[in-house]
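Heads up, my_file18.pdb below (PDB, C-alpha atoms, pLDDT in the B column):
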MODEL        1
ATOM      1  CA  MET L 453     -75.203  -3.337  14.990  1.00 54.00           C
ATOM      2  CA  SER L 454     -78.056  -0.995  14.005  1.00 75.00           C
ATOM      3  CA  LYS L 455     -81.565  -2.351  13.681  1.00 89.00           C
ATOM      4  CA  ILE L 456     -83.069  -3.083  10.282  1.00 94.00           C
ATOM      5  CA  ASN L 457     -85.701  -0.492   9.346  1.00 96.00           C
ATOM      6  CA  VAL L 458     -88.921  -1.937   7.949  1.00 96.00           C
ATOM      7  CA  LEU L 459     -91.848  -0.265   6.188  1.00 97.00           C
ATOM      8  CA  VAL L 460     -95.140  -2.158   6.528  1.00 96.00           C
ATOM      9  CA  VAL L 461     -97.761  -1.790   3.781  1.00 96.00           C
ATOM     10  CA  GLU L 462    -100.996  -3.560   4.754  1.00 94.00           C
ATOM     11  CA  ASP L 463    -104.575  -2.304   4.393  1.00 91.00           C
ATOM     12  CA  GLU L 464    -106.101  -4.445   7.130  1.00 91.00           C
ATOM     13  CA  SER L 465    -105.525  -2.521  10.376  1.00 92.00           C
ATOM     14  CA  ILE L 466    -105.508  -5.561  12.661  1.00 93.00           C
ATOM     15  CA  VAL L 467    -103.140  -7.485  10.407  1.00 92.00           C
ATOM     16  CA  SER L 468    -100.842  -4.455  10.078  1.00 94.00           C
ATOM     17  CA  LYS L 469    -100.617  -4.038  13.848  1.00 95.00           C
ATOM     18  CA  ASP L 470     -99.953  -7.762  14.265  1.00 94.00           C
ATOM     19  CA  ILE L 471     -97.112  -7.605  11.720  1.00 94.00           C
ATOM     20  CA  GLN L 472     -95.618  -4.555  13.416  1.00 95.00           C
ATOM     21  CA  HIS L 473     -95.805  -6.292  16.790  1.00 95.00           C
ATOM     22  CA  SER L 474     -94.043  -9.356  15.383  1.00 94.00           C
ATOM     23  CA  LEU L 475     -91.349  -7.212  13.759  1.00 95.00           C
ATOM     24  CA  LYS L 476     -90.603  -5.356  16.985  1.00 95.00           C
ATOM     25  CA  LYS L 477     -90.550  -8.649  18.874  1.00 94.00           C
ATOM     26  CA  LEU L 478     -87.991  -9.953  16.368  1.00 94.00           C
ATOM     27  CA  GLY L 479     -85.782  -6.893  16.898  1.00 94.00           C
ATOM     28  CA  TYR L 480     -86.665  -4.874  13.816  1.00 96.00           C
ATOM     29  CA  ASN L 481     -87.472  -1.164  13.721  1.00 96.00           C
ATOM     30  CA  VAL L 482     -90.782  -0.209  12.090  1.00 96.00           C
ATOM     31  CA  VAL L 483     -90.267   3.173  10.426  1.00 96.00           C
ATOM     32  CA  GLY L 484     -93.758   3.480   9.036  1.00 95.00           C
ATOM     33  CA  ALA L 485     -97.029   1.793   8.140  1.00 95.00           C
ATOM     34  CA  SER L 486     -99.310   2.414   5.196  1.00 95.00           C
ATOM     35  CA  ALA L 487    -102.677   1.129   4.021  1.00 94.00           C
ATOM     36  CA  THR L 488    -102.356   2.442   0.459  1.00 94.00           C
ATOM     37  CA  GLY L 489     -99.851   2.200  -2.352  1.00 93.00           C
ATOM     38  CA  GLU L 490     -99.634   5.970  -2.749  1.00 94.00           C
ATOM     39  CA  LYS L 491     -98.698   6.513   0.892  1.00 95.00           C
ATOM     40  CA  ALA L 492     -96.254   3.603   0.721  1.00 95.00           C
ATOM     41  CA  ILE L 493     -94.362   5.329  -2.091  1.00 95.00           C
ATOM     42  CA  ALA L 494     -94.218   8.570  -0.094  1.00 95.00           C
ATOM     43  CA  LEU L 495     -93.017   6.805   3.079  1.00 95.00           C
ATOM     44  CA  ALA L 496     -90.402   4.849   1.161  1.00 95.00           C
ATOM     45  CA  ALA L 497     -89.013   8.137  -0.160  1.00 94.00           C
ATOM     46  CA  SER L 498     -89.060   9.964   3.185  1.00 95.00           C
ATOM     47  CA  GLU L 499     -88.039   7.142   5.544  1.00 94.00           C
ATOM     48  CA  ASN L 500     -85.718   5.205   3.209  1.00 93.00           C
ATOM     49  CA  PRO L 501     -86.336   1.820   4.892  1.00 96.00           C
ATOM     50  CA  ASP L 502     -83.986  -1.146   4.577  1.00 95.00           C
ATOM     51  CA  VAL L 503     -86.853  -3.370   3.430  1.00 96.00           C
ATOM     52  CA  VAL L 504     -90.560  -3.057   2.554  1.00 96.00           C
ATOM     53  CA  LEU L 505     -93.205  -5.628   3.493  1.00 96.00           C
ATOM     54  CA  MET L 506     -95.845  -5.087   0.824  1.00 94.00           C
ATOM     55  CA  ASP L 507     -99.333  -6.581   0.767  1.00 93.00           C
ATOM     56  CA  ILE L 508    -100.298  -7.286  -2.840  1.00 91.00           C
ATOM     57  CA  MET L 509    -104.030  -6.646  -2.563  1.00 87.00           C
ATOM     58  CA  LEU L 510    -104.407  -3.066  -1.300  1.00 89.00           C
ATOM     59  CA  LYS L 511    -107.538  -0.942  -1.182  1.00 83.00           C
ATOM     60  CA  GLY L 512    -107.631   2.056  -3.460  1.00 84.00           C
ATOM     61  CA  GLU L 513    -106.549   2.725  -7.011  1.00 87.00           C
ATOM     62  CA  MET L 514    -103.011   1.307  -6.648  1.00 91.00           C
ATOM     63  CA  ASN L 515    -102.275  -2.295  -5.676  1.00 90.00           C
ATOM     64  CA  GLY L 516     -99.104  -3.542  -4.012  1.00 91.00           C
ATOM     65  CA  ILE L 517     -97.489  -4.695  -7.243  1.00 91.00           C
ATOM     66  CA  GLU L 518     -97.877  -1.250  -8.811  1.00 92.00           C
ATOM     67  CA  ALA L 519     -96.589   0.440  -5.654  1.00 93.00           C
ATOM     68  CA  ALA L 520     -93.592  -1.919  -5.535  1.00 92.00           C
ATOM     69  CA  ASP L 521     -92.769  -1.166  -9.165  1.00 90.00           C
ATOM     70  CA  GLN L 522     -92.872   2.571  -8.463  1.00 91.00           C
ATOM     71  CA  ILE L 523     -90.655   2.262  -5.382  1.00 93.00           C
ATOM     72  CA  LYS L 524     -88.192   0.100  -7.284  1.00 88.00           C
ATOM     73  CA  SER L 525     -87.905   2.674 -10.065  1.00 86.00           C
ATOM     74  CA  ASN L 526     -87.053   5.388  -7.519  1.00 88.00           C
ATOM     75  CA  GLN L 527     -85.010   3.592  -4.868  1.00 89.00           C
ATOM     76  CA  ALA L 528     -82.881   0.477  -4.390  1.00 88.00           C
ATOM     77  CA  ILE L 529     -84.988  -1.020  -1.605  1.00 93.00           C
ATOM     78  CA  PRO L 530     -85.702  -4.762  -1.369  1.00 94.00           C
ATOM     79  CA  ILE L 531     -89.421  -5.543  -1.348  1.00 94.00           C
ATOM     80  CA  ILE L 532     -91.094  -8.623   0.126  1.00 95.00           C
ATOM     81  CA  PHE L 533     -94.676  -9.374  -0.884  1.00 93.00           C
ATOM     82  CA  LEU L 534     -97.301 -10.447   1.632  1.00 90.00           C
ATOM     83  CA  THR L 535    -100.434 -12.097   0.292  1.00 84.00           C
ATOM     84  CA  ALA L 536    -103.184 -14.570   0.968  1.00 81.00           C
ATOM     85  CA  TYR L 537    -103.375 -15.285  -2.760  1.00 71.00           C
ATOM     86  CA  ALA L 538    -101.017 -17.816  -4.310  1.00 65.00           C
ATOM     87  CA  ASP L 539    -102.651 -18.267  -7.731  1.00 71.00           C
ATOM     88  CA  GLU L 540    -100.502 -18.355 -10.833  1.00 77.00           C
ATOM     89  CA  LEU L 541    -101.815 -15.055 -12.209  1.00 77.00           C
ATOM     90  CA  THR L 542    -100.904 -13.165  -9.020  1.00 74.00           C
ATOM     91  CA  LEU L 543     -97.473 -14.780  -8.939  1.00 76.00           C
ATOM     92  CA  SER L 544     -96.775 -13.948 -12.594  1.00 78.00           C
ATOM     93  CA  LYS L 545     -97.689 -10.288 -12.026  1.00 78.00           C
ATOM     94  CA  ALA L 546     -95.686 -10.055  -8.819  1.00 79.00           C
ATOM     95  CA  LYS L 547     -92.492 -11.599 -10.145  1.00 78.00           C
ATOM     96  CA  ILE L 548     -92.149  -8.918 -12.820  1.00 80.00           C
ATOM     97  CA  THR L 549     -91.124  -6.480 -10.074  1.00 81.00           C
ATOM     98  CA  GLN L 550     -88.398  -8.937  -8.986  1.00 84.00           C
ATOM     99  CA  PRO L 551     -89.295  -9.101  -5.280  1.00 88.00           C
ATOM    100  CA  TYR L 552     -86.805 -10.356  -2.708  1.00 90.00           C
ATOM    101  CA  GLY L 553     -89.343 -12.639  -1.084  1.00 88.00           C
ATOM    102  CA  TYR L 554     -92.909 -13.838  -1.102  1.00 88.00           C
ATOM    103  CA  ILE L 555     -94.707 -14.705   2.150  1.00 89.00           C
ATOM    104  CA  LEU L 556     -98.122 -16.353   2.186  1.00 86.00           C
ATOM    105  CA  LYS L 557    -100.665 -15.431   4.842  1.00 85.00           C
ATOM    106  CA  PRO L 558    -101.108 -16.604   7.504  1.00 85.00           C
ATOM    107  CA  PHE L 559     -97.402 -16.804   8.306  1.00 86.00           C
ATOM    108  CA  LYS L 560     -95.295 -17.482  11.352  1.00 90.00           C
ATOM    109  CA  GLU L 561     -92.718 -15.147  12.870  1.00 92.00           C
ATOM    110  CA  ILE L 562     -89.940 -17.480  11.719  1.00 93.00           C
ATOM    111  CA  ASP L 563     -91.133 -17.010   8.110  1.00 91.00           C
ATOM    112  CA  LEU L 564     -90.993 -13.253   8.563  1.00 93.00           C
ATOM    113  CA  HIS L 565     -87.553 -13.317  10.139  1.00 95.00           C
ATOM    114  CA  THR L 566     -85.999 -15.734   7.626  1.00 94.00           C
ATOM    115  CA  THR L 567     -87.360 -13.946   4.566  1.00 94.00           C
ATOM    116  CA  ILE L 568     -86.285 -10.491   5.780  1.00 95.00           C
ATOM    117  CA  GLU L 569     -82.768 -11.655   6.646  1.00 94.00           C
ATOM    118  CA  MET L 570     -82.336 -13.395   3.292  1.00 94.00           C
ATOM    119  CA  ALA L 571     -83.643 -10.316   1.437  1.00 93.00           C
ATOM    120  CA  ILE L 572     -81.273  -7.982   3.285  1.00 93.00           C
ATOM    121  CA  TYR L 573     -78.318 -10.291   2.654  1.00 93.00           C
ATOM    122  CA  LYS L 574     -79.095 -10.709  -1.044  1.00 92.00           C
ATOM    123  CA  HIS L 575     -79.599  -6.984  -1.494  1.00 91.00           C
ATOM    124  CA  SER L 576     -76.322  -6.118   0.280  1.00 89.00           C
ATOM    125  CA  LYS L 577     -74.392  -8.501  -1.957  1.00 87.00           C
ATOM    126  CA  GLU L 578     -75.990  -7.025  -5.064  1.00 85.00           C
ATOM    127  CA  GLN L 579     -75.064  -3.520  -3.917  1.00 82.00           C
ATOM    128  CA  GLU L 580     -71.454  -4.641  -3.354  1.00 80.00           C
ATOM    129  CA  VAL L 581     -71.300  -5.932  -6.914  1.00 78.00           C
ATOM    130  CA  ILE L 582     -72.711  -2.644  -8.249  1.00 75.00           C
ATOM    131  CA  LYS L 583     -70.164  -0.612  -6.264  1.00 73.00           C
ATOM    132  CA  GLU L 584     -67.311  -2.791  -7.490  1.00 71.00           C
ATOM    133  CA  ARG L 585     -68.515  -2.474 -11.070  1.00 69.00           C
ATOM    134  CA  ASP L 586     -68.858   1.289 -10.826  1.00 67.00           C
ATOM    135  CA  LEU L 587     -65.438   1.570  -9.204  1.00 64.00           C
ATOM    136  CA  LEU L 588     -63.887  -0.527 -11.932  1.00 62.00           C
ATOM    137  CA  PHE L 589     -65.494   1.502 -14.679  1.00 61.00           C
ATOM    138  CA  SER L 590     -64.417   4.788 -13.108  1.00 57.00           C
ATOM    139  CA  ILE L 591     -60.838   3.543 -12.869  1.00 54.00           C
ATOM    140  CA  VAL L 592     -60.830   2.055 -16.342  1.00 55.00           C
ATOM    141  CA  GLU L 593     -61.630   5.563 -17.589  1.00 50.00           C
ATOM    142  CA  ASN L 594     -57.864   6.045 -17.329  1.00 50.00           C
ATOM    143  CA  LYS L 595     -57.573   3.970 -20.494  1.00 51.00           C
ATOM    144  CA  GLU L 596     -59.791   6.378 -22.381  1.00 47.00           C
ATOM    145  CA  GLU L 597     -57.578   9.241 -21.244  1.00 46.00           C
ATOM    146  CA  GLY L 598     -54.536   7.624 -22.834  1.00 49.00           C
ATOM    147  CA  ASN L 599     -53.037   5.844 -19.835  1.00 57.00           C
ATOM    148  CA  ASP L 600     -51.540   2.411 -20.446  1.00 78.00           C
ATOM    149  CA  TYR L 601     -52.918   0.696 -17.360  1.00 79.00           C
ATOM    150  CA  ILE L 602     -56.111  -0.240 -15.578  1.00 80.00           C
ATOM    151  CA  PHE L 603     -56.907  -1.438 -12.071  1.00 79.00           C
ATOM    152  CA  VAL L 604     -58.746  -4.718 -11.522  1.00 79.00           C
ATOM    153  CA  LYS L 605     -60.030  -6.174  -8.277  1.00 74.00           C
ATOM    154  CA  ASN L 606     -58.283  -9.332  -7.146  1.00 71.00           C
ATOM    155  CA  ASN L 607     -58.816 -10.922  -3.717  1.00 69.00           C
ATOM    156  CA  SER L 608     -60.358  -7.756  -2.236  1.00 68.00           C
ATOM    157  CA  LYS L 609     -57.571  -5.497  -3.462  1.00 75.00           C
ATOM    158  CA  LEU L 610     -57.030  -3.391  -6.578  1.00 79.00           C
ATOM    159  CA  VAL L 611     -54.189  -4.541  -8.792  1.00 82.00           C
ATOM    160  CA  LYS L 612     -52.527  -2.261 -11.341  1.00 83.00           C
ATOM    161  CA  LEU L 613     -52.469  -4.008 -14.703  1.00 84.00           C
ATOM    162  CA  LYS L 614     -50.600  -2.747 -17.776  1.00 87.00           C
ATOM    163  CA  THR L 615     -52.756  -3.020 -20.854  1.00 88.00           C
ATOM    164  CA  THR L 616     -49.713  -4.193 -22.824  1.00 91.00           C
ATOM    165  CA  ASN L 617     -49.798  -7.358 -20.718  1.00 92.00           C
ATOM    166  CA  ILE L 618     -53.384  -8.159 -21.655  1.00 94.00           C
ATOM    167  CA  PHE L 619     -53.698 -10.814 -24.364  1.00 96.00           C
ATOM    168  CA  PHE L 620     -57.433 -11.265 -24.595  1.00 96.00           C
ATOM    169  CA  ILE L 621     -60.717 -10.729 -22.748  1.00 96.00           C
ATOM    170  CA  GLU L 622     -63.339 -13.456 -22.632  1.00 96.00           C
ATOM    171  CA  ALA L 623     -67.059 -13.324 -21.804  1.00 94.00           C
ATOM    172  CA  LEU L 624     -68.337 -15.692 -19.123  1.00 88.00           C
ATOM    173  CA  LYS L 625     -72.079 -15.219 -18.464  1.00 81.00           C
ATOM    174  CA  ASP L 626     -72.392 -12.084 -16.274  1.00 79.00           C
ATOM    175  CA  TYR L 627     -68.623 -11.772 -15.936  1.00 87.00           C
ATOM    176  CA  VAL L 628     -65.616 -11.128 -18.140  1.00 91.00           C
ATOM    177  CA  VAL L 629     -62.198 -12.708 -17.725  1.00 92.00           C
ATOM    178  CA  ILE L 630     -59.097 -10.626 -18.485  1.00 93.00           C
ATOM    179  CA  HIS L 631     -56.231 -12.887 -19.574  1.00 94.00           C
ATOM    180  CA  THR L 632     -52.585 -11.866 -19.259  1.00 91.00           C
ATOM    181  CA  ASN L 633     -49.529 -13.999 -19.981  1.00 83.00           C
ATOM    182  CA  GLU L 634     -49.267 -14.948 -16.303  1.00 84.00           C
ATOM    183  CA  LYS L 635     -52.699 -14.609 -14.742  1.00 89.00           C
ATOM    184  CA  ARG L 636     -56.374 -14.074 -15.347  1.00 89.00           C
ATOM    185  CA  TYR L 637     -58.781 -11.712 -13.570  1.00 89.00           C
ATOM    186  CA  THR L 638     -62.546 -12.213 -13.358  1.00 88.00           C
ATOM    187  CA  ILE L 639     -64.714  -9.123 -12.958  1.00 84.00           C
ATOM    188  CA  HIS L 640     -68.455  -8.457 -13.006  1.00 83.00           C
ATOM    189  CA  SER L 641     -69.107  -6.616 -16.259  1.00 84.00           C
ATOM    190  CA  THR L 642     -70.306  -7.028 -19.837  1.00 87.00           C
ATOM    191  CA  MET L 643     -68.327  -7.290 -23.057  1.00 90.00           C
ATOM    192  CA  LYS L 644     -70.069  -4.206 -24.396  1.00 89.00           C
ATOM    193  CA  ASP L 645     -68.904  -2.073 -21.474  1.00 86.00           C
ATOM    194  CA  ILE L 646     -65.374  -3.499 -21.457  1.00 87.00           C
ATOM    195  CA  GLU L 647     -65.069  -3.010 -25.219  1.00 87.00           C
ATOM    196  CA  LYS L 648     -65.995   0.629 -24.788  1.00 84.00           C
ATOM    197  CA  LYS L 649     -63.641   1.164 -21.851  1.00 80.00           C
ATOM    198  CA  MET L 650     -60.635  -0.540 -23.441  1.00 84.00           C
ATOM    199  CA  GLY L 651     -60.911   1.584 -26.561  1.00 82.00           C
ATOM    200  CA  SER L 652     -60.294   0.579 -30.181  1.00 83.00           C
ATOM    201  CA  THR L 653     -56.665   1.624 -30.650  1.00 87.00           C
ATOM    202  CA  ASP L 654     -55.023  -1.498 -29.240  1.00 90.00           C
ATOM    203  CA  PHE L 655     -57.967  -3.838 -28.766  1.00 94.00           C
ATOM    204  CA  LEU L 656     -60.487  -5.339 -31.149  1.00 95.00           C
ATOM    205  CA  ARG L 657     -63.564  -7.466 -30.628  1.00 95.00           C
ATOM    206  CA  VAL L 658     -63.299 -10.498 -32.918  1.00 96.00           C
ATOM    207  CA  HIS L 659     -66.205 -12.510 -31.563  1.00 96.00           C
ATOM    208  CA  ARG L 660     -69.223 -11.845 -29.352  1.00 94.00           C
ATOM    209  CA  SER L 661     -67.283 -13.574 -26.557  1.00 96.00           C
ATOM    210  CA  TYR L 662     -63.734 -12.363 -27.267  1.00 97.00           C
ATOM    211  CA  ILE L 663     -61.736  -9.125 -27.377  1.00 96.00           C
ATOM    212  CA  ILE L 664     -58.074  -9.448 -28.330  1.00 96.00           C
ATOM    213  CA  ARG L 665     -55.046  -7.160 -28.223  1.00 95.00           C
ATOM    214  CA  LEU L 666     -54.030  -6.644 -31.838  1.00 94.00           C
ATOM    215  CA  ASP L 667     -50.262  -6.740 -31.339  1.00 93.00           C
ATOM    216  CA  LYS L 668     -50.544 -10.155 -29.663  1.00 95.00           C
ATOM    217  CA  ILE L 669     -51.899 -11.893 -32.785  1.00 95.00           C
ATOM    218  CA  ALA L 670     -49.601 -14.699 -33.941  1.00 94.00           C
ATOM    219  CA  THR L 671     -51.565 -16.407 -36.733  1.00 95.00           C
ATOM    220  CA  ILE L 672     -54.916 -16.065 -38.460  1.00 94.00           C
ATOM    221  CA  GLU L 673     -56.521 -19.064 -40.098  1.00 90.00           C
ATOM    222  CA  HIS L 674     -60.238 -18.490 -40.472  1.00 86.00           C
ATOM    223  CA  PRO L 675     -62.378 -19.122 -38.600  1.00 93.00           C
ATOM    224  CA  ASN L 676     -59.802 -18.879 -35.784  1.00 94.00           C
ATOM    225  CA  LEU L 677     -56.712 -16.977 -34.718  1.00 95.00           C
ATOM    226  CA  THR L 678     -53.932 -17.614 -32.213  1.00 95.00           C
ATOM    227  CA  LEU L 679     -52.066 -15.257 -29.921  1.00 95.00           C
ATOM    228  CA  GLU L 680     -48.387 -15.220 -29.047  1.00 93.00           C
ATOM    229  CA  GLY L 681     -47.628 -17.767 -26.345  1.00 89.00           C
ATOM    230  CA  VAL L 682     -51.289 -18.734 -25.974  1.00 90.00           C
ATOM    231  CA  GLU L 683     -52.403 -22.248 -26.906  1.00 87.00           C
ATOM    232  CA  LYS L 684     -56.102 -21.408 -26.948  1.00 90.00           C
ATOM    233  CA  MET L 685     -57.711 -20.916 -30.353  1.00 94.00           C
ATOM    234  CA  ILE L 686     -59.733 -17.711 -30.513  1.00 96.00           C
ATOM    235  CA  PRO L 687     -62.785 -17.919 -32.807  1.00 95.00           C
ATOM    236  CA  ILE L 688     -63.467 -15.134 -35.305  1.00 95.00           C
ATOM    237  CA  GLY L 689     -67.146 -14.233 -35.590  1.00 94.00           C
ATOM    238  CA  GLY L 690     -68.518 -13.709 -39.077  1.00 91.00           C
ATOM    239  CA  SER L 691     -69.732 -10.188 -38.338  1.00 93.00           C
ATOM    240  CA  TYR L 692     -66.305  -9.200 -36.950  1.00 93.00           C
ATOM    241  CA  ARG L 693     -64.128 -10.623 -39.743  1.00 92.00           C
ATOM    242  CA  ASP L 694     -64.099  -7.533 -41.969  1.00 91.00           C
ATOM    243  CA  ASP L 695     -63.052  -5.273 -39.081  1.00 92.00           C
ATOM    244  CA  LEU L 696     -60.180  -7.624 -38.276  1.00 93.00           C
ATOM    245  CA  VAL L 697     -58.971  -7.648 -41.890  1.00 90.00           C
ATOM    246  CA  LYS L 698     -59.012  -3.844 -41.971  1.00 89.00           C
ATOM    247  CA  ARG L 699     -56.953  -3.569 -38.780  1.00 89.00           C
ATOM    248  CA  ILE L 700     -54.073  -5.901 -39.615  1.00 86.00           C
ATOM    249  CA  ASN L 701     -51.084  -4.999 -41.803  1.00 73.00           C
ATOM    250  CA  GLN L 702     -51.492  -7.586 -44.531  1.00 67.00           C
ATOM    251  CA  VAL L 703     -49.032  -7.835 -47.431  1.00 53.00           C
TER     252      VAL L 703
ENDMDL
END
Output the file's structure in the form of structure tokens.
Amino acid sequence: MSKINVLVVEDESIVSKDIQHSLKKLGYNVVGASATGEKAIALAASENPDVVLMDIMLKGEMNGIEAADQIKSNQAIPIIFLTAYADELTLSKAKITQPYGYILKPFKEIDLHTTIEMAIYKHSKEQEVIKERDLLFSIVENKEEGNDYIFVKNNSKLVKLKTTNIFFIEALKDYVVIHTNEKRYTIHSTMKDIEKKMGSTDFLRVHRSYIIRLDKIATIEHPNLTLEGVEKMIPIGGSYRDDLVKRINQV
């Protein structure tokens, strides 16, 4: 297994060397060291480290929080803050950049090791979710091209799903659940993105938390509707009611 590459950003020379020594002792690879925020940004771009240890209070015009924000906007690199200051104001400024850890000085090697490993693990899982989401969206593009199927991830494999078998799609925090007559599939996405990908020919959003397939509607009794073979009552949002009325063949 390859070593984890670490960029150290610390303006105190003795402290920086001590951190680098500890990192090497723990089995990490130090790809660079910087005393300023500007150089840290340049090293992050050229060395592409796996993680950045960033001192908050740096000498010069740019502090660690500003440097971290700049690195984050350019690259997906987890950043861990190092600081001797634990006051509320510093914490509130630092958390805006969404760091992967926060280590108070003086710290022990075990603190360094634990925080780095947790940051790398969390970041890898987040990247997996992003890749899965992007893969799903690229595959769902088939729907926009007129195909009658999509692929959804289920137990680490992609399953071909006919859109005619989809009854409704439900929002669940940061996920959406695709319901068929036999099974349901949970994917990491948003209702806005799914609504766009599924198109408006066969599907309609009837509530901020629900998208239904129009030809599956069984009954409509405001403020709810039912679908064929589905016991669950689907609520109809007030702002979606007019669109629903326009789309059904009412006599």
(request) May I have the residues within 9 Å of Ile471 (chain L) as a PyMOL selection string, using all atoms listed in the file and disregarding those fewer than 2 positions away in the same chain? (result) chain L and resi 460+462+466-469+473-476+561+564
Print the selection's residues with C-alpha atoms to a file, as a CSV table (one decimal), in the frame of the given file.
chain,number,residue,atom,x,y,z
L,460,VAL,CA,-95.1,-2.2,6.5
L,462,GLU,CA,-101.0,-3.6,4.8
L,466,ILE,CA,-105.5,-5.6,12.7
L,467,VAL,CA,-103.1,-7.5,10.4
L,468,SER,CA,-100.8,-4.5,10.1
L,469,LYS,CA,-100.6,-4.0,13.8
L,473,HIS,CA,-95.8,-6.3,16.8
L,474,SER,CA,-94.0,-9.4,15.4
L,475,LEU,CA,-91.3,-7.2,13.8
L,476,LYS,CA,-90.6,-5.4,17.0
L,561,GLU,CA,-92.7,-15.1,12.9
L,564,LEU,CA,-91.0,-13.3,8.6
(message) Given the point (-84.3, -10.7, 7.7) in the coordinates of this file, which residues lie within 12 Å, counting all atoms listed in the file, and how would they look as an MDAnalysis selection string?
(response) chainID L and resid 455:458 475 478:481 502:505 530:532 552:553 561:576
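For the residues L:Ile555, L:Ile664, L:Ile669, L:Ala492, ranking by smallest atom-to-atom distance to Ala623 (chain L) using all atoms listed in the file places L:Ile664 first.
When all atoms listed in the file are used to measure the gap to Met509 (chain L), the shortest distance among L:Asn606, L:Thr542, L:Thr616, L:Thr638 belongs to L:Thr542.
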(message) Using only C-alpha atoms for the distances, tell me which of L:Glu647, L:Glu683, L:Glu634, L:Glu580 is nearest to Arg665 (chain L).
(response) L:Glu647
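Across the model, the gap from CA of Ile529 (chain L) to CA of Gly516 (chain L) is 14.5 Å.
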(message) For the provided coordinates, the residues matched by the PyMOL selection byres ((chain L and resi 640) around 6) should be stated as a PyMOL selection string.
(response) chain L and resi 627+639+641
Pull the neighbourhood of (-67.4, -15.9, -19.4) for me: all residues within 12 Å in file coordinates, counting only C-alpha atoms, as a PDB file with C-alpha atoms, keeping the file's coordinate frame.
ATOM      1  CA  ILE L 621     -60.717 -10.729 -22.748  1.00 96.00           C
ATOM      2  CA  GLU L 622     -63.339 -13.456 -22.632  1.00 96.00           C
ATOM      3  CA  ALA L 623     -67.059 -13.324 -21.804  1.00 94.00           C
ATOM      4  CA  LEU L 624     -68.337 -15.692 -19.123  1.00 88.00           C
ATOM      5  CA  LYS L 625     -72.079 -15.219 -18.464  1.00 81.00           C
ATOM      6  CA  ASP L 626     -72.392 -12.084 -16.274  1.00 79.00           C
ATOM      7  CA  TYR L 627     -68.623 -11.772 -15.936  1.00 87.00           C
ATOM      8  CA  VAL L 628     -65.616 -11.128 -18.140  1.00 91.00           C
ATOM      9  CA  VAL L 629     -62.198 -12.708 -17.725  1.00 92.00           C
ATOM     10  CA  ILE L 630     -59.097 -10.626 -18.485  1.00 93.00           C
ATOM     11  CA  HIS L 631     -56.231 -12.887 -19.574  1.00 94.00           C
ATOM     12  CA  ARG L 636     -56.374 -14.074 -15.347  1.00 89.00           C
ATOM     13  CA  TYR L 637     -58.781 -11.712 -13.570  1.00 89.00           C
ATOM     14  CA  THR L 638     -62.546 -12.213 -13.358  1.00 88.00           C
ATOM     15  CA  ILE L 639     -64.714  -9.123 -12.958  1.00 84.00           C
ATOM     16  CA  HIS L 640     -68.455  -8.457 -13.006  1.00 83.00           C
ATOM     17  CA  SER L 641     -69.107  -6.616 -16.259  1.00 84.00           C
ATOM     18  CA  THR L 642     -70.306  -7.028 -19.837  1.00 87.00           C
ATOM     19  CA  MET L 643     -68.327  -7.290 -23.057  1.00 90.00           C
ATOM     20  CA  ARG L 660     -69.223 -11.845 -29.352  1.00 94.00           C
ATOM     21  CA  SER L 661     -67.283 -13.574 -26.557  1.00 96.00           C
ATOM     22  CA  TYR L 662     -63.734 -12.363 -27.267  1.00 97.00           C
ATOM     23  CA  ILE L 663     -61.736  -9.125 -27.377  1.00 96.00           C
TER      24      ILE L 663
END
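Straight-line separation from CA of Glu490 (chain L) to CA of Lys577 (chain L): 29.1 Å.
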